Amino acid sequence: MSAPAITPPAARRARAGTTEAPWVRMLLIGLALAFLLLFLLLPLAAVFTEALRKGWSAYLAALAEPDAWAAIRLTLLTALICVPLNLVFGVAAAWCIAKFEFPGKAFLTTLIDLPFSISPVVAGLMYVLVFGANGWLGSWLAAHDIKIIFAVPGIVLATLFVTFPFVARELIPLMQAQGNDEEQAAIVLGAGGWQTFWHVTLPNIKWGLVYGVILCNARAMGEFGAVSVVSGHIRGQTNTIPLHVEILYNEYQSVAAFAAASLLALLALVTLVIKTVAERHQQGR
């Protein structure tokens, strides 16, 4: 009976996928965990601790306050408008960019990335410049009694701007990686354009689409900069949850502020769970 072969250290390191010594790997893992604890988990725990500092009664009372409910309703309304619009735009843009060749394709891709490179505050200022009282269309809007800035339409427009890349940017590389073979086969077999989309393309991108939608929804509900510029901070009317948190905190109502902030934290946790599930399904395809 032959003696078991001794694995050389180099072979063991190659199988491990790294050439660093074990103590180096442990040090890097420890630093990463310490970073997560200090800058992510600890602040998250602090939000819920401060929100419940005076008990559940104070927490629920802060959330039941009329201004808080108005902020919650406006946040949900904004998300309900922006997410479906971004879904339609994202699928259409990804379909065009990934499946067709046309003049201006690179320019369209650059435009989709534009909100990633512009500060949300600057985006809000752009809408003020166009639709504000002294803006390019301000006189015409005032003459027709149409309110956009310091009203719900302005909040929706600003949120649309900062969120519209998420669905498209998630679907474009996915569609490009899948190619056109299945669509072409369906067309050869007699399927029409809509039949090909509903029965071939959409099933192939459904988990990527879910992934993009949940990221878009999280950004829509948590957006602060652009919305802050166009909202006017009118309590009970144009304050979303992030703006409501800022006002309460500036007024030293810390329990109420952290109670409202805990809703956004819960949204982040739910988004993280759904994102993880979507990623696993997408990778399992």
# chains A, B, ... in the order shown; residues from 1 in each chain; ligands from 1

$ closest_atom_pairs --of "segment 47-89 of chain A" --to "segment 146-168 of chain A" --cutoff "9 Å" --atoms "only C-alpha atoms" --output "Markdown table"
| residue | atom | partner | partner_atom | distance |
| --- | --- | --- | --- | --- |
| A:Leu74 | CA | A:Val152 | CA | 8.0 |
| A:Leu77 | CA | A:Val156 | CA | 8.9 |
| A:Thr78 | CA | A:Val156 | CA | 5.7 |
| A:Ala79 | CA | A:Val156 | CA | 8.4 |
| A:Ile81 | CA | A:Val156 | CA | 7.4 |
| A:Cys82 | CA | A:Leu160 | CA | 5.6 |
| A:Val83 | CA | A:Thr163 | CA | 8.3 |
| A:Leu85 | CA | A:Leu160 | CA | 8.2 |
| A:Asn86 | CA | A:Phe164 | CA | 5.2 |
| A:Leu87 | CA | A:Val167 | CA | 6.2 |
| A:Val88 | CA | A:Val167 | CA | 8.9 |
| A:Phe89 | CA | A:Ala168 | CA | 7.4 |

$ residues_around --residues "segment 42-56 of chain A" --least-positions-apart "3" --cutoff "9 Å" --atoms "only C-alpha atoms" --output "PyMOL selection string"
chain A and resi 36-39+59-61+254-262+265

$ atom_distance --atom1 "atom CA of Val188 of chain A" --atom2 "atom CA of Gly208 of chain A"
26.3 Å

$ closest_residue --among "A:Pro115, A:Gly179, A:Pro84, A:Pro103" --to "Ala226 of chain A" --atoms "only C-alpha atoms"
A:Pro115

$ closest_atom_pairs --of "segment 138-218 of chain A" --to "segment 91-102 of chain A" --cutoff "10 Å" --atoms "only C-alpha atoms" --output "JSON lines"
{"residue": "A:Pro165", "atom": "CA", "partner": "A:Ala93", "partner_atom": "CA", "distance": 9.7}
{"residue": "A:Val167", "atom": "CA", "partner": "A:Val91", "partner_atom": "CA", "distance": 7.2}
{"residue": "A:Ala168", "atom": "CA", "partner": "A:Ala94", "partner_atom": "CA", "distance": 5.4}
{"residue": "A:Arg169", "atom": "CA", "partner": "A:Ala94", "partner_atom": "CA", "distance": 7.6}
{"residue": "A:Glu170", "atom": "CA", "partner": "A:Ala94", "partner_atom": "CA", "distance": 8.6}
{"residue": "A:Leu171", "atom": "CA", "partner": "A:Ala94", "partner_atom": "CA", "distance": 5.8}
{"residue": "A:Ile172", "atom": "CA", "partner": "A:Ala94", "partner_atom": "CA", "distance": 4.7}
{"residue": "A:Pro173", "atom": "CA", "partner": "A:Ala98", "partner_atom": "CA", "distance": 7.6}
{"residue": "A:Leu174", "atom": "CA", "partner": "A:Ala98", "partner_atom": "CA", "distance": 8.6}
{"residue": "A:Met175", "atom": "CA", "partner": "A:Ala98", "partner_atom": "CA", "distance": 5.7}
{"residue": "A:Gln176", "atom": "CA", "partner": "A:Ala98", "partner_atom": "CA", "distance": 5.0}
{"residue": "A:Ala177", "atom": "CA", "partner": "A:Ala98", "partner_atom": "CA", "distance": 8.8}
{"residue": "A:Gln178", "atom": "CA", "partner": "A:Ala98", "partner_atom": "CA", "distance": 9.3}
{"residue": "A:Gly179", "atom": "CA", "partner": "A:Lys99", "partner_atom": "CA", "distance": 7.5}
{"residue": "A:Asn180", "atom": "CA", "partner": "A:Lys99", "partner_atom": "CA", "distance": 6.7}
{"residue": "A:Glu183", "atom": "CA", "partner": "A:Lys99", "partner_atom": "CA", "distance": 9.5}
{"residue": "A:Phe197", "atom": "CA", "partner": "A:Trp95", "partner_atom": "CA", "distance": 9.5}
{"residue": "A:Thr201", "atom": "CA", "partner": "A:Trp95", "partner_atom": "CA", "distance": 9.1}
{"residue": "A:Leu202", "atom": "CA", "partner": "A:Val91", "partner_atom": "CA", "distance": 9.3}
{"residue": "A:Ile205", "atom": "CA", "partner": "A:Val91", "partner_atom": "CA", "distance": 9.5}
{"residue": "A:Leu209", "atom": "CA", "partner": "A:Val91", "partner_atom": "CA", "distance": 8.1}

$ select_by_dssp --residues "segment 114-192 of chain A" --states "helix (DSSP H, G or I)" --output "JSON, numbers by chain"
{"A": [114, 115, 116, 117, 120, 121, 122, 123, 124, 125, 126, 127, 128, 129, 130, 131, 138, 139, 140, 141, 142, 143, 152, 153, 154, 155, 156, 157, 158, 159, 160, 161, 162, 163, 165, 166, 167, 168, 169, 170, 171, 172, 173, 174, 175, 176, 177, 178, 181, 182, 183, 184, 185, 186, 187, 188]}

$ atom_distance --atom1 "atom CA of Leu108 of chain A" --atom2 "atom CA of Trp198 of chain A"
24.5 Å

$ decode --residues "segment 153-174 of chain A" --atoms "N, CA and C atoms" --output "mmCIF file, in the first residue's frame"
data_model
loop_
_atom_site.group_PDB
_atom_site.id
_atom_site.type_symbol
_atom_site.label_atom_id
_atom_site.label_comp_id
_atom_site.auth_asym_id
_atom_site.auth_seq_id
_atom_site.Cartn_x
_atom_site.Cartn_y
_atom_site.Cartn_z
ATOM 1 N N PRO A 153 -45.584 67.075 -8.913
ATOM 2 C CA PRO A 153 -44.969 66.780 -10.218
ATOM 3 C C PRO A 153 -43.459 67.001 -10.250
ATOM 4 N N GLY A 154 -42.969 68.029 -9.576
ATOM 5 C CA GLY A 154 -41.535 68.268 -9.536
ATOM 6 C C GLY A 154 -40.795 67.161 -8.819
ATOM 7 N N ILE A 155 -41.381 66.669 -7.730
ATOM 8 C CA ILE A 155 -40.764 65.568 -6.987
ATOM 9 C C ILE A 155 -40.698 64.321 -7.860
ATOM 10 N N VAL A 156 -41.759 64.047 -8.592
ATOM 11 C CA VAL A 156 -41.777 62.865 -9.472
ATOM 12 C C VAL A 156 -40.743 63.006 -10.582
ATOM 13 N N LEU A 157 -40.662 64.191 -11.197
ATOM 14 C CA LEU A 157 -39.698 64.397 -12.273
ATOM 15 C C LEU A 157 -38.260 64.242 -11.771
ATOM 16 N N ALA A 158 -37.958 64.834 -10.622
ATOM 17 C CA ALA A 158 -36.608 64.725 -10.069
ATOM 18 C C ALA A 158 -36.271 63.275 -9.734
ATOM 19 N N THR A 159 -37.235 62.555 -9.183
ATOM 20 C CA THR A 159 -36.997 61.153 -8.837
ATOM 21 C C THR A 159 -36.840 60.301 -10.089
ATOM 22 N N LEU A 160 -37.614 60.592 -11.113
ATOM 23 C CA LEU A 160 -37.468 59.872 -12.377
ATOM 24 C C LEU A 160 -36.059 60.040 -12.938
ATOM 25 N N PHE A 161 -35.537 61.253 -12.861
ATOM 26 C CA PHE A 161 -34.213 61.515 -13.431
ATOM 27 C C PHE A 161 -33.146 60.683 -12.745
ATOM 28 N N VAL A 162 -33.172 60.635 -11.422
ATOM 29 C CA VAL A 162 -32.087 59.959 -10.699
ATOM 30 C C VAL A 162 -32.252 58.440 -10.691
ATOM 31 N N THR A 163 -33.427 57.926 -11.068
ATOM 32 C CA THR A 163 -33.660 56.485 -10.990
ATOM 33 C C THR A 163 -33.745 55.778 -12.339
ATOM 34 N N PHE A 164 -33.859 56.517 -13.438
ATOM 35 C CA PHE A 164 -34.141 55.799 -14.693
ATOM 36 C C PHE A 164 -33.002 54.937 -15.208
ATOM 37 N N PRO A 165 -31.717 55.099 -14.794
ATOM 38 C CA PRO A 165 -30.705 54.172 -15.325
ATOM 39 C C PRO A 165 -30.752 52.768 -14.736
ATOM 40 N N PHE A 166 -31.375 52.564 -13.581
ATOM 41 C CA PHE A 166 -31.184 51.323 -12.845
ATOM 42 C C PHE A 166 -31.694 50.096 -13.606
ATOM 43 N N VAL A 167 -32.902 50.147 -14.122
ATOM 44 C CA VAL A 167 -33.454 48.988 -14.834
ATOM 45 C C VAL A 167 -32.703 48.758 -16.139
ATOM 46 N N ALA A 168 -32.480 49.826 -16.891
ATOM 47 C CA ALA A 168 -31.793 49.679 -18.178
ATOM 48 C C ALA A 168 -30.375 49.156 -17.995
ATOM 49 N N ARG A 169 -29.654 49.694 -17.034
ATOM 50 C CA ARG A 169 -28.274 49.302 -16.826
ATOM 51 C C ARG A 169 -28.152 47.866 -16.312
ATOM 52 N N GLU A 170 -29.177 47.350 -15.688
ATOM 53 C CA GLU A 170 -29.163 45.957 -15.254
ATOM 54 C C GLU A 170 -29.465 45.015 -16.412
ATOM 55 N N LEU A 171 -30.322 45.449 -17.335
ATOM 56 C CA LEU A 171 -30.759 44.562 -18.410
ATOM 57 C C LEU A 171 -29.834 44.569 -19.619
ATOM 58 N N ILE A 172 -29.171 45.686 -19.891
ATOM 59 C CA ILE A 172 -28.356 45.787 -21.108
ATOM 60 C C ILE A 172 -27.269 44.710 -21.163
ATOM 61 N N PRO A 173 -26.401 44.575 -20.146
ATOM 62 C CA PRO A 173 -25.381 43.509 -20.244
ATOM 63 C C PRO A 173 -25.976 42.107 -20.243
ATOM 64 N N LEU A 174 -27.113 41.931 -19.542
ATOM 65 C CA LEU A 174 -27.752 40.619 -19.514
ATOM 66 C C LEU A 174 -28.259 40.242 -20.896
#
